[in-house]
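Working notes, beginning with the structure itself.
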Amino acid sequence: MKIHLTLLLLFSLLTFWAQAQVQLHGVVKSAEGPIPGAQVYLEGTSLQTVTQMDGKYRLDSVPNGNYTLVVFSIGKKTLSQKIRLLANHKTHQVNFQMEEITGDLELITINGQKGASDGVRRLNAVEGTAIYEAKKNEVIVLGNITANLATNNSRQVYAKVPGLNVYESDGAGLQLGIGARGLDPNRTSHFNVRQNGYDISADALGYPESYYTPATEAIERIEVVRGAASLQYGTQFGGLVNFVMKEGPKDKKVEVTLRNSIGSYGFLNTFTSVGGTNDKWNYYTFFQYKKGNGWRKNSHFDSKMAYASLAFSPSERFKLSFQFTFMDYLAQQPGGLTDALFEQDPRQSIRNRNWFQVNWNLLGNHIDYKISDKLKLNIRNFALIGSRDALGNLGRIDRADDMQERNLFVDDFKNFGSEARLLYNFQLLGQSHAFLIGTRYYQGMTDRKQGLGSDNSDADFRFLHPDKLEDGDFNFPGRNISVFAENIFNLNDKFSVTPGVRLENIHTAANGYYSNTVLTLDSETGFAKDSTYRVQEERESDRTFAFAGLGLSYKMTPSIELYANFSQNYRSINFNDIRVSNPNLVVDENIQDERGYNFDLGIRGKNDLLFNYDVSLFYLRYDDRIGAVLKTDPENFRIYRFRTNIADARSMGVEAFGEVDIFRIIELNEKYKLNVFTNLSVIHARYLKSDENTIEGNKVELAPPLSIRSGISLGIDRFKMTYQYSYVQEHFTDASNALKTASAVEGIIPTYQVMDLSLSYDYKNVKLESSVNNLSNKSYFTRRATGYPGPGIIPAEGRTFFLTLQLRF
């Protein structure tokens with residue numbers, strides 16, 4: 001009886017709330033015609049939207065009451081109008097006629113309450129010079145989440161992005177490792193990773209691994225677009241991850257932010273930023289330094305990062321900006337563990353001579369020109385000069401360190417590129433449409449050296465024989481030229497079709513030598529001995545191809561959308577696939593590129609004050625998938641991992657996210673907030689056709705069948721608290737579906753559960769943050785590494801505590 005009364009009461013509340021809502025809509029125009037992309041919002045609330053290409057806007061489910069409606073567009077005079085919404089009116093229309101600004105550019109700051117969509121939102125159909133209509137995407141707004149930002153805690157930052165598999169390899173957040181739909185999370189190599197719209201990975205064409213991860217404290221938002229991003233951002237199966245950095249505040253000449261954090265195991269982080277706007281100039285810069293001893297033994301790290309951005313806007317139509325990013329870190333790596341060692345003590349380390357260092361220098365430039373209200377141009381140029389050095393014993397972890405000379409891997413990266421985009425809004429058959437065309441040129445060069453380093457324990461990144469390297473010396477030049485186009489066709493006010501195409505030319509090459517060691521029989525002694533010889537190699541591959549995509553969007557209401565998207569994908573073999581000297585791995589000489597496609601079908605909706613959801617089905621086809629299988633070499637008396645195109649594969653499943661603000665439903669005082677969210681991913685991934693009898697029908701590795709991330713955020717005026725729970729089901733780490741091996745490189749990732757708690761309190765210009773990660777101190781791991789930072793099991797961190805003090809003035 002109590003349950004029925006409770007349900008009846010809840011139904012009555014929802015019915016009353018639904019009856020007290022009004023739909024607010026209208027058109028924003030100028031003398032030249034409709035204005036797309038204008039910001040429309042209700043002052044003092046979080047209810048806001050942007051106008052579509054026909055200038056129309058709509059705000060759904062607005063509670064009745066008195067409001068001030070504001071419309072803002074760059075280059076136009078800001079307009080506002082007081083309105084009164086009555087419960088007995090289902091709709092209310094307000095139109096605006098905007099005029100050009102004849103004097104100085106007006107300044108407007110949008111302030112509003114944070115509702116149910118705290119921390120995550122969706123990209124608009126058109127943003128800047130990019131099209132996102134009908135694409136599955138998420139935007140993580142860092143300023144709206146309560147999490148441990150000092151350590152770039154990926155488990156918390158990406159909590160509201162369904163379907164991600166997160167590698168937890170270090171507790172400092174030095175490198176980001178996320179994958180999706182059964183794609184390898186290692187250094188996020190299956191995503192096109194960008195900062196402010198340009199590439200930041202080692203070599204986007206031949207070695208797309210991300211050794212640099214921006215400081216989360218300096219990020220405004222993170223844009224995640226799934227495989228459908230392939231048409232505009234490159235062919236990667238995972239899609240796009242774009243870090244949009246903060247800019248200086250528009251209403252201050254100088255703003256300084258100081259953040260200092262301390263934590264368990266000697267963790268120290270200091271972050272200082274300065275930004276502001278002076279006349280036509282906007283600037284933002286930061287410096288971050290962090291160090292720590294690490295949760296495991298032999299895990300010391302020392303990291304420095306700096307960033308500077310300068311933007312010049314001589315008029316409302318033109319903007320020129322430059323960015324420079326610097327990162328340098330040194331980390332000791334404790335190596336992997338066997339299953340037995342992990343069970344014994346996950347904090348132990350049996351390697352104390354392994355080191356890793358990265359130096360990154362990234363240059364970026366944007367040119368934005370609004371040719372007219374209908375035509376926009378964006379040109380982005382970028383360059384990278386960087387290096388990563390790895391030093392240590394890469395031998396099997398089930399064997400003691402022989403204390404001999406260490407393996408030394410030295411990679412130097414020099415690449416640059418330019419991308420131009422032109423977006424045109426036009427009218428056809430009484431509807432507004434958007435056409436995007438772009439082109440990209442990219443050139444990269446990686447110099448890879450592998451040989452022996454010293455037999456000491458320090459971080460000495462010098463070769464013993466630099467003129468005669470024991471393992472190899474290669475140059476990997478690459479070039480990419482592409483042209484892409486997409487068009488949003490609005491067939492009516494609700495239904496749109498977005499076709500797209502991309503034409504690619506990819507050139508990759510390898511020039512250098514490697515050493516090969518075989519066992520031969522000594523004719524004099526009759527015993528087997530090692531015989532090493534140098535192999536000179538020159539390889540070159542040039543291919544041109546086109547691929548396409550199609551998106552469909554049906555807006556049932558302004559706040560509910562049905563969407564579908566099909567996009568082809570392609571991944572060229574990278575340098576690790578061509579040539580790498582690793583005692584745990586042998587690469588197939590005839591390895592081929594990978595091809596496939598992504599398909600999404602979903603429904604999403606939101607009410608900024610109450611709820612936000614996105615539920616979708618996906619299908620990922622992955623032909624000629626590259627992986628590793630165990631092989632036996634009877635002549636050399638060993639078992640080794642063989643990297644090749646092992647099979648065609650497919651992954652399908654459900655990705656769902658939903659959140660609701662309970663206190664808004666029951667109309668509690670606006671200074672109270674209780675946000676509940678759940679992120680669910682169900683994946684069924686299998687290998688299909690394969691030449692390897694032991695592979696066909698197996699489960700695809702690194703695809704957890706079930707993963708859940710849920711949380712509760714409580715807000716009371718200036719106080720916020722977020723509790724998060726993560727569950728990831730058992731899954732395999734290689735295509736053979738081995739349960740356990742002596743080397744610990746292959747095997748199961750057992751089911752794990754982990755909880756986090758974060759709190760914050762701010763008063764005027766002071767903010768205090770605290771967090772406890774892995775609240776219940778669970779022992780678990782998320783990866784088995786084949787090379788660095790292993791090989792073997794890489795334990796995730798146990799319970800750790802952090803405290804942050806922020807001052808802003």
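Ligands are numbered from 1 in the order shown, residues from 1 within each chain, and chains are lettered A, B, ... in the order they appear in the structure tokens.
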Give me, as CSV, the closest atom pair and its distance (Å, one decimal) for every residue of stretch 206-295 of chain A within a cut-off of 12 Å of stretch 424-441 of chain A, counting only C-alpha atoms, rows sorted by chain and rising number.
```
residue,atom,partner,partner_atom,distance
A:Leu231,CA,A:Gly438,CA,10.2
A:Gln232,CA,A:Gly438,CA,8.0
A:Tyr233,CA,A:Arg440,CA,9.4
A:Gly234,CA,A:Arg440,CA,9.6
```
| Excluding same-chain residues fewer than 6 positions from stretch 692-700 of chain A, what lies within 9 Å of it counting only C-alpha atoms, as number ranges by chain? | A: 182, 629, 646-651, 684-686, 731-737
| message | So that I can see what lies close to stretch 146-161 of chain A, please list as a ChimeraX atom specification the residues with an atom at most 6 Å from it, counting only C-alpha atoms and leaving out residues fewer than 3 positions away in the same chain. | response | /A:172-173,216-217,679,758
| Minimum-distance residue to A:Asn88, chosen among A:Leu363, A:Ile35, A:Ile219, A:Val22 (using only C-alpha atoms) | A:Val22
| Within 10 Å of A:Ser418, counting only C-alpha atoms, which residues qualify if same-chain residues fewer than 6 places away don't, as an MDAnalysis selection string? | chainID A and resid 198 364:366 379:383 439:443 481
Could those selected residues go to a file with N, CA, C and O atoms, as a short mmCIF file (atom, residue, chain, number, x, y, z; two decimals), in the first residue's frame?
```cif
data_model
loop_
_atom_site.label_atom_id
_atom_site.label_comp_id
_atom_site.auth_asym_id
_atom_site.auth_seq_id
_atom_site.Cartn_x
_atom_site.Cartn_y
_atom_site.Cartn_z
N TYR A 198 43.56 20.77 -33.35
CA TYR A 198 44.70 20.27 -34.13
C TYR A 198 45.37 19.10 -33.40
O TYR A 198 45.26 18.94 -32.18
N GLY A 364 50.46 25.87 -32.34
CA GLY A 364 49.16 25.90 -33.00
C GLY A 364 48.79 27.31 -33.41
O GLY A 364 49.17 28.29 -32.76
N ASN A 365 48.04 27.42 -34.50
CA ASN A 365 47.60 28.72 -35.00
C ASN A 365 46.21 28.57 -35.64
O ASN A 365 45.98 27.63 -36.40
N HIS A 366 45.30 29.47 -35.28
CA HIS A 366 43.96 29.50 -35.87
C HIS A 366 43.74 30.84 -36.56
O HIS A 366 44.08 31.90 -36.02
N ILE A 379 41.17 28.31 -40.71
CA ILE A 379 42.43 27.68 -41.10
C ILE A 379 43.20 27.41 -39.82
O ILE A 379 43.40 28.31 -39.00
N ARG A 380 43.63 26.17 -39.63
CA ARG A 380 44.41 25.81 -38.45
C ARG A 380 45.73 25.19 -38.88
O ARG A 380 45.77 24.27 -39.70
N ASN A 381 46.81 25.71 -38.35
CA ASN A 381 48.16 25.22 -38.64
C ASN A 381 48.78 24.71 -37.35
O ASN A 381 48.54 25.27 -36.27
N PHE A 382 49.59 23.68 -37.44
CA PHE A 382 50.16 23.11 -36.23
C PHE A 382 51.48 22.41 -36.54
O PHE A 382 51.75 22.02 -37.68
N ALA A 383 52.30 22.28 -35.51
CA ALA A 383 53.60 21.61 -35.65
C ALA A 383 53.99 21.00 -34.31
O ALA A 383 53.61 21.51 -33.24
N THR A 439 40.02 20.72 -46.42
CA THR A 439 41.19 20.00 -46.92
C THR A 439 42.26 19.98 -45.85
O THR A 439 42.29 20.84 -44.97
N ARG A 440 43.12 18.98 -45.92
CA ARG A 440 44.15 18.78 -44.89
C ARG A 440 45.44 18.30 -45.53
O ARG A 440 45.42 17.45 -46.43
N TYR A 441 46.54 18.88 -45.07
CA TYR A 441 47.87 18.39 -45.46
C TYR A 441 48.64 18.10 -44.18
O TYR A 441 48.67 18.92 -43.26
N TYR A 442 49.25 16.95 -44.13
CA TYR A 442 50.00 16.55 -42.93
C TYR A 442 51.28 15.85 -43.36
O TYR A 442 51.27 15.01 -44.27
N GLN A 443 52.38 16.20 -42.71
CA GLN A 443 53.66 15.55 -42.98
C GLN A 443 54.36 15.25 -41.67
O GLN A 443 54.49 16.12 -40.81
N ILE A 481 47.30 13.68 -47.52
CA ILE A 481 46.53 14.75 -48.15
C ILE A 481 45.09 14.27 -48.23
O ILE A 481 44.82 13.15 -48.68
#
```
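Residue neighbourhood of A:Asn95, excluding near-sequence residues (fewer than 4 positions): Gly26, Val27 and Val28 of chain A, at 6 Å, using only C-alpha atoms.
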| request: Find the residues around A:Tyr211 up to 10 Å (only C-alpha atoms counted), leave out those fewer than 2 positions away in its own chain, and share them as JSON, numbers by chain. | output: {"A": [174, 175, 176, 177, 187, 188, 189, 200, 201, 202, 208, 209, 213, 327, 357, 358, 359, 360, 386, 387, 388]}
| request: Please provide the set of residues having any atom within 12 Å of A:Lys136, restricted to only C-alpha atoms, with same-chain residues fewer than 3 positions apart removed, written as a PyMOL selection string. | output: chain A and resi 121-125+131-133+139+161-163+223-229+238-240+551-553+561-567+598-604+614-618+655-657
Write out the residues from the selection above, keeping C-alpha atoms, as an mmCIF file, in the first residue's frame.
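To be explicit, this is the file written out as again.cif:
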```
data_model
loop_
_atom_site.group_PDB
_atom_site.id
_atom_site.type_symbol
_atom_site.label_atom_id
_atom_site.label_comp_id
_atom_site.auth_asym_id
_atom_site.auth_seq_id
_atom_site.Cartn_x
_atom_site.Cartn_y
_atom_site.Cartn_z
ATOM 1 C CA ARG A 121 26.167 18.192 -22.865
ATOM 2 C CA ARG A 122 25.858 17.545 -26.610
ATOM 3 C CA LEU A 123 27.380 19.398 -29.525
ATOM 4 C CA ASN A 124 25.032 21.510 -31.626
ATOM 5 C CA ALA A 125 24.298 20.541 -35.230
ATOM 6 C CA ILE A 131 29.086 19.711 -38.499
ATOM 7 C CA TYR A 132 27.877 17.346 -35.762
ATOM 8 C CA GLU A 133 24.309 16.698 -36.886
ATOM 9 C CA VAL A 139 30.962 17.290 -24.308
ATOM 10 C CA VAL A 161 30.797 8.995 -21.457
ATOM 11 C CA PRO A 162 29.362 5.475 -21.950
ATOM 12 C CA GLY A 163 31.342 2.651 -23.512
ATOM 13 C CA GLU A 223 34.643 16.933 -26.985
ATOM 14 C CA VAL A 224 34.201 13.219 -27.704
ATOM 15 C CA VAL A 225 32.749 12.258 -31.088
ATOM 16 C CA ARG A 226 32.448 8.572 -31.945
ATOM 17 C CA GLY A 227 33.468 6.831 -35.181
ATOM 18 C CA ALA A 228 31.317 9.163 -37.286
ATOM 19 C CA ALA A 229 34.044 11.789 -36.768
ATOM 20 C CA GLY A 238 37.357 5.356 -32.228
ATOM 21 C CA GLY A 239 36.550 8.858 -33.423
ATOM 22 C CA LEU A 240 37.659 12.214 -32.020
ATOM 23 C CA GLY A 551 23.541 10.735 -40.866
ATOM 24 C CA LEU A 552 19.806 10.948 -40.206
ATOM 25 C CA SER A 553 18.160 13.081 -37.532
ATOM 26 C CA GLU A 561 15.972 13.520 -31.103
ATOM 27 C CA LEU A 562 16.169 10.211 -32.929
ATOM 28 C CA TYR A 563 19.480 9.829 -34.758
ATOM 29 C CA ALA A 564 21.277 7.320 -36.948
ATOM 30 C CA ASN A 565 24.724 7.439 -38.483
ATOM 31 C CA PHE A 566 26.822 5.213 -40.718
ATOM 32 C CA SER A 567 30.497 6.051 -41.324
ATOM 33 C CA ASN A 598 30.666 2.310 -37.367
ATOM 34 C CA PHE A 599 26.874 2.396 -37.152
ATOM 35 C CA ASP A 600 24.879 4.193 -34.438
ATOM 36 C CA LEU A 601 21.134 4.305 -33.816
ATOM 37 C CA GLY A 602 19.870 6.198 -30.798
ATOM 38 C CA ILE A 603 17.564 8.567 -29.004
ATOM 39 C CA ARG A 604 18.632 11.499 -26.858
ATOM 40 C CA ASP A 614 21.302 9.361 -24.591
ATOM 41 C CA VAL A 615 20.572 5.700 -25.360
ATOM 42 C CA SER A 616 21.956 4.098 -28.506
ATOM 43 C CA LEU A 617 22.697 0.834 -30.262
ATOM 44 C CA PHE A 618 26.013 0.485 -32.093
ATOM 45 C CA GLU A 655 25.601 2.554 -24.779
ATOM 46 C CA ALA A 656 23.300 4.418 -22.431
ATOM 47 C CA PHE A 657 23.582 7.483 -20.241
#
```
Counting only C-alpha atoms, which residues of stretch 160-198 of chain A fall within 7 Å of stretch 702-711 of chain A, and what is the closest atom pair for each with its distance in Å at one decimal, ordered by chain and rising number, as a Markdown table?
```
| residue | atom | partner | partner_atom | distance |
| --- | --- | --- | --- | --- |
| A:Arg181 | CA | A:Ala703 | CA | 6.2 |
| A:Gly182 | CA | A:Ala703 | CA | 4.1 |
| A:Leu183 | CA | A:Leu702 | CA | 6.7 |
| A:Asp184 | CA | A:Leu702 | CA | 6.4 |
```
Dump of C-alpha atoms for the selected residues, as a tab-separated table (two decimals), in the first residue's frame:
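Printed below is out_6.tsv as written:
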```
chain	number	residue	atom	x	y	z
A	181	ARG	CA	33.85	-0.71	-28.35
A	182	GLY	CA	36.75	-3.16	-28.01
A	183	LEU	CA	39.49	-0.84	-29.30
A	184	ASP	CA	42.84	-0.82	-27.52
```
